[in-house]
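Read through the structure below, which is laid out as structure tokens, and then see the notes.
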Amino acid sequence: MESVPEPKTREEFLKFSCHLTLDPNTVNEHLSLSEGNRKVTETEEALPYPDHPDRFTVYYQVLCGEALSGTHYWEVEWTGGCVNVAVSYRDIRRTGDGVKCWLGGSEHAWSLVCVPSSSSVFHDMWEELVADPSPRVGVYLDHSAGILSFYSICSLGKMTLIHRVQTTFTQPLHPGFLIGDGSGLSILTPLESNQADAD
């Protein structure tokens with residue numbers, strides 16, 4: 001698929017908005033899904049999810065069901081102590097506590113780790129400290145061009161680039177998230193994203 005010129009304005013980014021839903025077959029038992037599988041929060045008690053080979057067994061992670069291979073844009077809002085906003089190949093390991101199962105810990109995923117005081121980008125355990133994100137993060141993917149960009153979305157819809165990855169993607173990518181330290185995260189619809197312009 002041919003790549004497109006990278007958007008320059010918020011309006012141009014929103015033209016590539018995609019609808020994402022969290023896959024209940026992948027969600028760790030200490031994460032609760034709600035709002036049509038578009039919101040995830042950490043829970044102290046394990047939830048009675050059925051056994052499934054796609055489920056993350058140790059890390060508090062979940063993938064979206066959509067496999068993305070074109071040009072896409074999405075936004076999330078997060079609260080709490082720590083979240084990872086990531087993309088991953090479908091074949092990331094799901095069982096065990098090794099780094100290969102962690103979003104950002106293997107060659108299968110790229111992850112923006114957000115905490116209130118700092119943020120970092122991880123891939124295959126390589127880390128780079130980057131600008132602090134806002135509570136609203138935008139993700140732009142041009143799969144064929146190998147571009148993955150993370151943005152802070154501030155008041156009045158202003159976008160600030162946090163980090164841009166230039167690589168070669170060899171498989172479709174699934175958005176994914178790690179939720180820790182009592183955190184929660186919501187995937188926004190394009191309509192909700194537009195509300196940032198009025199905040």
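By convention here, the chains of the structure tokens are called A, B, ... in the order presented, each chain's residues are numbered starting at 1, and ligands are numbered starting at 1 in the order presented.
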
Which of range 29-164 of chain A fall in strand (DSSP E), as an MDAnalysis selection string
chainID A and resid 31:34 39:42 61:63 71:79 82:88 109:115 118:123 126:130 136:142 147:153 159:164

Print the selection's residues with C-alpha atoms to a file, as a CSV table (one decimal), in the first residue's frame.
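In the end it all went to selection_30.csv:
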```csv
chain,number,residue,atom,x,y,z
A,31,LEU,CA,-7.8,-5.5,34.0
A,32,SER,CA,-11.4,-4.6,33.6
A,33,LEU,CA,-13.0,-3.6,30.3
A,34,SER,CA,-16.0,-1.3,30.0
A,39,LYS,CA,-11.9,1.6,28.4
A,40,VAL,CA,-9.6,-0.4,30.6
A,41,THR,CA,-8.8,-0.1,34.4
A,42,GLU,CA,-6.6,-2.0,36.8
A,61,GLN,CA,-1.7,-5.7,29.2
A,62,VAL,CA,-4.4,-5.9,26.5
A,63,LEU,CA,-4.3,-5.6,22.7
A,71,THR,CA,-2.4,4.8,7.6
A,72,HIS,CA,-4.2,5.3,10.9
A,73,TYR,CA,-4.6,7.7,13.8
A,74,TRP,CA,-6.1,7.3,17.3
A,75,GLU,CA,-6.1,9.0,20.6
A,76,VAL,CA,-6.3,7.9,24.2
A,77,GLU,CA,-6.8,9.5,27.6
A,78,TRP,CA,-5.1,8.1,30.7
A,79,THR,CA,-5.1,8.7,34.4
A,82,CYS,CA,1.7,4.4,34.7
A,83,VAL,CA,0.5,3.3,31.3
A,84,ASN,CA,2.1,2.0,28.2
A,85,VAL,CA,0.7,3.2,24.8
A,86,ALA,CA,2.0,0.7,22.3
A,87,VAL,CA,1.7,-1.1,19.0
A,88,SER,CA,2.6,-4.8,18.7
A,109,ALA,CA,6.4,-4.1,20.0
A,110,TRP,CA,7.1,-0.3,20.3
A,111,SER,CA,5.8,1.4,23.4
A,112,LEU,CA,5.5,4.9,24.9
A,113,VAL,CA,5.7,4.5,28.7
A,114,CYS,CA,3.8,7.4,30.4
A,115,VAL,CA,4.2,8.3,34.1
A,118,SER,CA,8.6,11.5,32.7
A,119,SER,CA,8.1,9.3,29.7
A,120,SER,CA,10.2,6.9,27.6
A,121,VAL,CA,10.0,5.0,24.3
A,122,PHE,CA,10.9,1.3,24.4
A,123,HIS,CA,11.6,-1.2,21.7
A,126,TRP,CA,16.2,-0.1,24.0
A,127,GLU,CA,15.0,3.0,25.8
A,128,GLU,CA,15.0,6.7,24.9
A,129,LEU,CA,13.8,9.4,27.3
A,130,VAL,CA,11.4,11.7,25.6
A,136,ARG,CA,-4.3,12.8,26.1
A,137,VAL,CA,-1.9,11.0,23.7
A,138,GLY,CA,-2.3,10.7,19.9
A,139,VAL,CA,-0.7,7.9,17.8
A,140,TYR,CA,-0.1,8.1,14.1
A,141,LEU,CA,0.8,5.1,12.0
A,142,ASP,CA,1.9,4.9,8.4
A,147,ILE,CA,6.4,5.7,10.5
A,148,LEU,CA,5.1,5.6,14.1
A,149,SER,CA,4.6,8.9,15.9
A,150,PHE,CA,3.4,9.8,19.4
A,151,TYR,CA,1.9,13.2,20.2
A,152,SER,CA,0.8,15.0,23.3
A,153,ILE,CA,-2.7,16.6,22.8
A,159,MET,CA,-0.4,18.7,19.1
A,160,THR,CA,3.2,18.4,20.3
A,161,LEU,CA,5.4,15.6,18.9
A,162,ILE,CA,6.8,13.3,21.6
A,163,HIS,CA,8.7,10.8,19.5
A,164,ARG,CA,8.8,9.6,16.0
```

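Comparing the minimum interatomic distances between Glu107 in chain A and each of A:Ser155, A:Pro24, A:Thr170, A:Ser183, counting only C-alpha atoms, we find that A:Thr170 sits nearest.
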
If I take CA of Ser134 in chain A and CA of Gly184 in chain A, how far is one from the other in Å, to one decimal?
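Atom-to-atom, CA of Ser134 in chain A to CA of Gly184 in chain A, that is 14.3 Å.
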
For the contact check between range 157-182 of chain A and range 4-20 of chain A, emit one row per residue of range 157-182 of chain A within 10 Å, containing the shortest atom pair and the distance in Å rounded to one decimal, counting only C-alpha atoms, chain then rising number order, as CSV.
```
residue,atom,partner,partner_atom,distance
A:Gly157,CA,A:Arg10,CA,7.2
A:Lys158,CA,A:Arg10,CA,7.6
A:Met159,CA,A:Arg10,CA,7.0
A:His174,CA,A:Leu20,CA,9.5
A:Pro175,CA,A:Leu20,CA,8.2
```

For those residues, write N, CA and C atoms to a file as a PDB file, in the first residue's frame.
```pdb
ATOM      1  N   GLY A 157      -6.582  21.564  21.458  1.00  0.00           N
ATOM      2  CA  GLY A 157      -6.222  20.613  20.428  1.00  0.00           C
ATOM      3  C   GLY A 157      -4.810  20.753  19.901  1.00  0.00           C
ATOM      4  N   LYS A 158      -3.948  21.499  20.575  1.00  0.00           N
ATOM      5  CA  LYS A 158      -2.571  21.651  20.105  1.00  0.00           C
ATOM      6  C   LYS A 158      -1.829  20.324  20.205  1.00  0.00           C
ATOM      7  N   MET A 159      -1.116  19.950  19.144  1.00  0.00           N
ATOM      8  CA  MET A 159      -0.368  18.707  19.099  1.00  0.00           C
ATOM      9  C   MET A 159       1.127  18.982  19.199  1.00  0.00           C
ATOM     10  N   HIS A 174      -1.095  -4.251  16.075  1.00  0.00           N
ATOM     11  CA  HIS A 174      -2.244  -4.111  16.959  1.00  0.00           C
ATOM     12  C   HIS A 174      -1.924  -3.065  18.025  1.00  0.00           C
ATOM     13  N   PRO A 175      -2.730  -2.019  18.175  1.00  0.00           N
ATOM     14  CA  PRO A 175      -2.553  -1.137  19.334  1.00  0.00           C
ATOM     15  C   PRO A 175      -2.695  -1.947  20.618  1.00  0.00           C
TER      16      PRO A 175
END
```

Write out as number ranges by chain which residues come within 10 Å of Ile92 in chain A when counting only C-alpha atoms, dropping same-chain ones fewer than 6 positions away.
A: 54, 56, 100-103, 105-109

Counting only C-alpha atoms, the option among A:Pro116, A:Gly96, A:Gly36, A:Pro133 closest to Arg55 in chain A:
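Of A:Pro116, A:Gly96, A:Gly36, A:Pro133, the one nearest Arg55 in chain A, counting only C-alpha atoms, is A:Gly96.
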
Can you work out which one of A:Asn194, A:Thr168, A:Thr21, A:Ser117 has the shortest atom-to-atom distance to Glu66 in chain A, counting only C-alpha atoms?
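Looking only at the distances to Glu66 in chain A, the closest residue turns out to be A:Thr21.
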
Need the shell around Leu47 in chain A: protein/DNA/RNA residues with any atom at most 9 Å away, counting only C-alpha atoms. Skip same-chain ones fewer than 2 positions apart. Format as a list in words?
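Listed by chain and then number, they are Asn28, Glu29, His30, Leu31, Ser32, Thr43, Glu45 and Tyr49 of chain A.
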
Next, write the just-selected residues to a file, as a CSV table (one decimal), in the first residue's frame, keeping all heavy atoms as the atom set.
```csv
chain,number,residue,atom,x,y,z
A,28,ASN,N,-5.4,-9.2,30.5
A,28,ASN,CA,-5.0,-9.8,31.7
A,28,ASN,C,-6.1,-9.8,32.7
A,28,ASN,O,-7.0,-8.9,32.8
A,28,ASN,CB,-3.8,-9.0,32.3
A,28,ASN,CG,-3.2,-9.6,33.6
A,28,ASN,OD1,-3.7,-9.2,34.7
A,28,ASN,ND2,-2.3,-10.5,33.5
A,29,GLU,N,-6.1,-10.8,33.6
A,29,GLU,CA,-7.2,-10.9,34.6
A,29,GLU,C,-7.3,-9.8,35.6
A,29,GLU,O,-8.3,-9.7,36.3
A,29,GLU,CB,-7.1,-12.3,35.3
A,29,GLU,CG,-5.8,-12.4,36.1
A,29,GLU,CD,-5.7,-13.8,36.8
A,29,GLU,OE1,-6.5,-14.7,36.5
A,29,GLU,OE2,-4.7,-14.0,37.5
A,30,HIS,N,-6.3,-9.0,35.7
A,30,HIS,CA,-6.3,-7.8,36.6
A,30,HIS,C,-6.7,-6.5,35.9
A,30,HIS,O,-6.5,-5.4,36.5
A,30,HIS,CB,-5.0,-7.7,37.4
A,30,HIS,CG,-4.8,-8.7,38.5
A,30,HIS,ND1,-5.4,-8.5,39.7
A,30,HIS,CD2,-4.1,-9.9,38.5
A,30,HIS,CE1,-5.0,-9.6,40.5
A,30,HIS,NE2,-4.3,-10.4,39.7
A,31,LEU,N,-7.3,-6.6,34.7
A,31,LEU,CA,-7.8,-5.5,34.0
A,31,LEU,C,-9.3,-5.7,33.7
A,31,LEU,O,-9.7,-6.8,33.3
A,31,LEU,CB,-7.0,-5.3,32.7
A,31,LEU,CG,-5.5,-5.0,32.8
A,31,LEU,CD1,-4.9,-4.9,31.4
A,31,LEU,CD2,-5.2,-3.8,33.7
A,32,SER,N,-10.0,-4.6,33.9
A,32,SER,CA,-11.4,-4.6,33.6
A,32,SER,C,-11.8,-3.8,32.4
A,32,SER,O,-11.3,-2.6,32.3
A,32,SER,CB,-12.2,-4.1,34.9
A,32,SER,OG,-13.6,-3.9,34.6
A,43,THR,N,-7.6,-3.6,38.3
A,43,THR,CA,-8.4,-4.1,39.4
A,43,THR,C,-7.5,-4.9,40.4
A,43,THR,O,-6.5,-5.6,40.0
A,43,THR,CB,-9.5,-5.0,39.0
A,43,THR,OG1,-8.9,-6.2,38.4
A,43,THR,CG2,-10.4,-4.3,38.0
A,45,GLU,N,-8.5,-7.4,42.5
A,45,GLU,CA,-8.8,-8.8,42.5
A,45,GLU,C,-8.8,-9.3,41.0
A,45,GLU,O,-9.2,-8.6,40.1
A,45,GLU,CB,-10.2,-9.0,43.1
A,45,GLU,CG,-10.2,-8.6,44.6
A,45,GLU,CD,-11.6,-9.0,45.2
A,45,GLU,OE1,-12.4,-9.6,44.5
A,45,GLU,OE2,-11.7,-8.7,46.4
A,49,TYR,N,-11.9,-14.4,33.9
A,49,TYR,CA,-11.9,-14.5,32.4
A,49,TYR,C,-11.7,-16.0,32.1
A,49,TYR,O,-10.9,-16.7,32.8
A,49,TYR,CB,-10.8,-13.7,31.8
A,49,TYR,CG,-11.1,-12.2,31.9
A,49,TYR,CD1,-10.1,-11.4,32.5
A,49,TYR,CD2,-12.2,-11.6,31.4
A,49,TYR,CE1,-10.3,-10.0,32.6
A,49,TYR,CE2,-12.4,-10.2,31.4
A,49,TYR,CZ,-11.5,-9.4,32.1
A,49,TYR,OH,-11.7,-8.1,32.1
```

DSSP on the backbone: what in chain A comes out alpha helix (DSSP H), as number ranges by chain?
A: 10-14, 190-194

Please produce an output containing all heavy atoms for each residue in the selection, written as a PDB file, in the first residue's frame.
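Just written: result24.pdb:
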```
ATOM      1  N   ARG A  10      -4.038  19.186  13.019  1.00  0.00           N
ATOM      2  CA  ARG A  10      -4.905  18.279  13.753  1.00  0.00           C
ATOM      3  C   ARG A  10      -6.061  17.793  12.877  1.00  0.00           C
ATOM      4  O   ARG A  10      -6.437  16.612  12.915  1.00  0.00           O
ATOM      5  CB  ARG A  10      -5.434  18.974  15.001  1.00  0.00           C
ATOM      6  CG  ARG A  10      -6.333  18.093  15.850  1.00  0.00           C
ATOM      7  CD  ARG A  10      -6.697  18.779  17.146  1.00  0.00           C
ATOM      8  NE  ARG A  10      -7.568  17.943  17.938  1.00  0.00           N
ATOM      9  CZ  ARG A  10      -7.163  16.881  18.620  1.00  0.00           C
ATOM     10  NH1 ARG A  10      -5.889  16.537  18.593  1.00  0.00           N
ATOM     11  NH2 ARG A  10      -8.021  16.164  19.317  1.00  0.00           N
ATOM     12  N   GLU A  11      -6.611  18.686  12.102  1.00  0.00           N
ATOM     13  CA  GLU A  11      -7.703  18.318  11.204  1.00  0.00           C
ATOM     14  C   GLU A  11      -7.271  17.225  10.230  1.00  0.00           C
ATOM     15  O   GLU A  11      -8.024  16.288   9.953  1.00  0.00           O
ATOM     16  CB  GLU A  11      -8.191  19.551  10.442  1.00  0.00           C
ATOM     17  CG  GLU A  11      -9.378  19.289   9.531  1.00  0.00           C
ATOM     18  CD  GLU A  11      -9.843  20.533   8.816  1.00  0.00           C
ATOM     19  OE1 GLU A  11      -8.990  21.370   8.464  1.00  0.00           O
ATOM     20  OE2 GLU A  11     -11.053  20.680   8.611  1.00  0.00           O
ATOM     21  N   GLU A  12      -6.046  17.318   9.714  1.00  0.00           N
ATOM     22  CA  GLU A  12      -5.545  16.305   8.783  1.00  0.00           C
ATOM     23  C   GLU A  12      -5.332  14.964   9.494  1.00  0.00           C
ATOM     24  O   GLU A  12      -5.614  13.902   8.928  1.00  0.00           O
ATOM     25  CB  GLU A  12      -4.253  16.784   8.144  1.00  0.00           C
ATOM     26  CG  GLU A  12      -4.441  17.954   7.181  1.00  0.00           C
ATOM     27  CD  GLU A  12      -3.130  18.475   6.627  1.00  0.00           C
ATOM     28  OE1 GLU A  12      -2.051  18.067   7.145  1.00  0.00           O
ATOM     29  OE2 GLU A  12      -3.157  19.284   5.694  1.00  0.00           O
ATOM     30  N   PHE A  13      -4.818  15.003  10.737  1.00  0.00           N
ATOM     31  CA  PHE A  13      -4.641  13.751  11.482  1.00  0.00           C
ATOM     32  C   PHE A  13      -5.976  13.052  11.702  1.00  0.00           C
ATOM     33  O   PHE A  13      -6.084  11.837  11.533  1.00  0.00           O
ATOM     34  CB  PHE A  13      -3.973  14.031  12.830  1.00  0.00           C
ATOM     35  CG  PHE A  13      -2.474  14.131  12.779  1.00  0.00           C
ATOM     36  CD1 PHE A  13      -1.841  15.367  12.781  1.00  0.00           C
ATOM     37  CD2 PHE A  13      -1.688  12.994  12.726  1.00  0.00           C
ATOM     38  CE1 PHE A  13      -0.461  15.461  12.730  1.00  0.00           C
ATOM     39  CE2 PHE A  13      -0.303  13.075  12.683  1.00  0.00           C
ATOM     40  CZ  PHE A  13       0.309  14.319  12.687  1.00  0.00           C
ATOM     41  N   LEU A  14      -6.999  13.821  12.082  1.00  0.00           N
ATOM     42  CA  LEU A  14      -8.285  13.222  12.413  1.00  0.00           C
ATOM     43  C   LEU A  14      -8.953  12.570  11.210  1.00  0.00           C
ATOM     44  O   LEU A  14      -9.827  11.719  11.371  1.00  0.00           O
ATOM     45  CB  LEU A  14      -9.203  14.272  13.037  1.00  0.00           C
ATOM     46  CG  LEU A  14      -8.802  14.727  14.448  1.00  0.00           C
ATOM     47  CD1 LEU A  14      -9.692  15.865  14.919  1.00  0.00           C
ATOM     48  CD2 LEU A  14      -8.854  13.563  15.436  1.00  0.00           C
ATOM     49  N   PRO A 190     -13.440   9.661  17.292  1.00  0.00           N
ATOM     50  CA  PRO A 190     -13.120  10.937  16.628  1.00  0.00           C
ATOM     51  C   PRO A 190     -13.920  12.107  17.178  1.00  0.00           C
ATOM     52  O   PRO A 190     -13.400  13.216  17.322  1.00  0.00           O
ATOM     53  CB  PRO A 190     -13.466  10.652  15.160  1.00  0.00           C
ATOM     54  CG  PRO A 190     -13.239   9.182  15.013  1.00  0.00           C
ATOM     55  CD  PRO A 190     -13.693   8.588  16.319  1.00  0.00           C
ATOM     56  N   LEU A 191     -15.198  11.873  17.534  1.00  0.00           N
ATOM     57  CA  LEU A 191     -16.016  12.946  18.093  1.00  0.00           C
ATOM     58  C   LEU A 191     -15.456  13.419  19.419  1.00  0.00           C
ATOM     59  O   LEU A 191     -15.355  14.616  19.684  1.00  0.00           O
ATOM     60  CB  LEU A 191     -17.463  12.470  18.268  1.00  0.00           C
ATOM     61  CG  LEU A 191     -18.441  13.501  18.855  1.00  0.00           C
ATOM     62  CD1 LEU A 191     -18.539  14.723  17.936  1.00  0.00           C
ATOM     63  CD2 LEU A 191     -19.812  12.879  19.062  1.00  0.00           C
ATOM     64  N   GLU A 192     -15.041  12.468  20.269  1.00  0.00           N
ATOM     65  CA  GLU A 192     -14.450  12.832  21.551  1.00  0.00           C
ATOM     66  C   GLU A 192     -13.119  13.536  21.347  1.00  0.00           C
ATOM     67  O   GLU A 192     -12.772  14.474  22.073  1.00  0.00           O
ATOM     68  CB  GLU A 192     -14.257  11.583  22.413  1.00  0.00           C
ATOM     69  CG  GLU A 192     -15.546  10.967  22.908  1.00  0.00           C
ATOM     70  CD  GLU A 192     -15.310   9.613  23.553  1.00  0.00           C
ATOM     71  OE1 GLU A 192     -14.443   8.856  23.079  1.00  0.00           O
ATOM     72  OE2 GLU A 192     -16.013   9.315  24.537  1.00  0.00           O
ATOM     73  N   SER A 193     -12.348  13.099  20.370  1.00  0.00           N
ATOM     74  CA  SER A 193     -11.069  13.751  20.077  1.00  0.00           C
ATOM     75  C   SER A 193     -11.276  15.194  19.677  1.00  0.00           C
ATOM     76  O   SER A 193     -10.505  16.085  20.057  1.00  0.00           O
ATOM     77  CB  SER A 193     -10.339  12.990  18.968  1.00  0.00           C
ATOM     78  OG  SER A 193     -10.017  11.679  19.377  1.00  0.00           O
ATOM     79  N   ASN A 194     -12.325  15.453  18.908  1.00  0.00           N
ATOM     80  CA  ASN A 194     -12.603  16.827  18.494  1.00  0.00           C
ATOM     81  C   ASN A 194     -12.931  17.733  19.662  1.00  0.00           C
ATOM     82  O   ASN A 194     -12.762  18.953  19.571  1.00  0.00           O
ATOM     83  CB  ASN A 194     -13.753  16.840  17.477  1.00  0.00           C
ATOM     84  CG  ASN A 194     -13.270  16.651  16.054  1.00  0.00           C
ATOM     85  OD1 ASN A 194     -12.269  17.233  15.657  1.00  0.00           O
ATOM     86  ND2 ASN A 194     -13.961  15.824  15.286  1.00  0.00           N
TER      87      ASN A 194
END
```

What is the distance, in Å and to one decimal place, between CA of Asp51 in chain A and CA of Glu35 in chain A?
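Pair CA of Asp51 in chain A / CA of Glu35 in chain A returns 22.6 Å.
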
Calculate how many Å separate CA of Phe177 in chain A from CA of Gly104 in chain A, rounding to one decimal.
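Those two atoms sit 10.4 Å apart.
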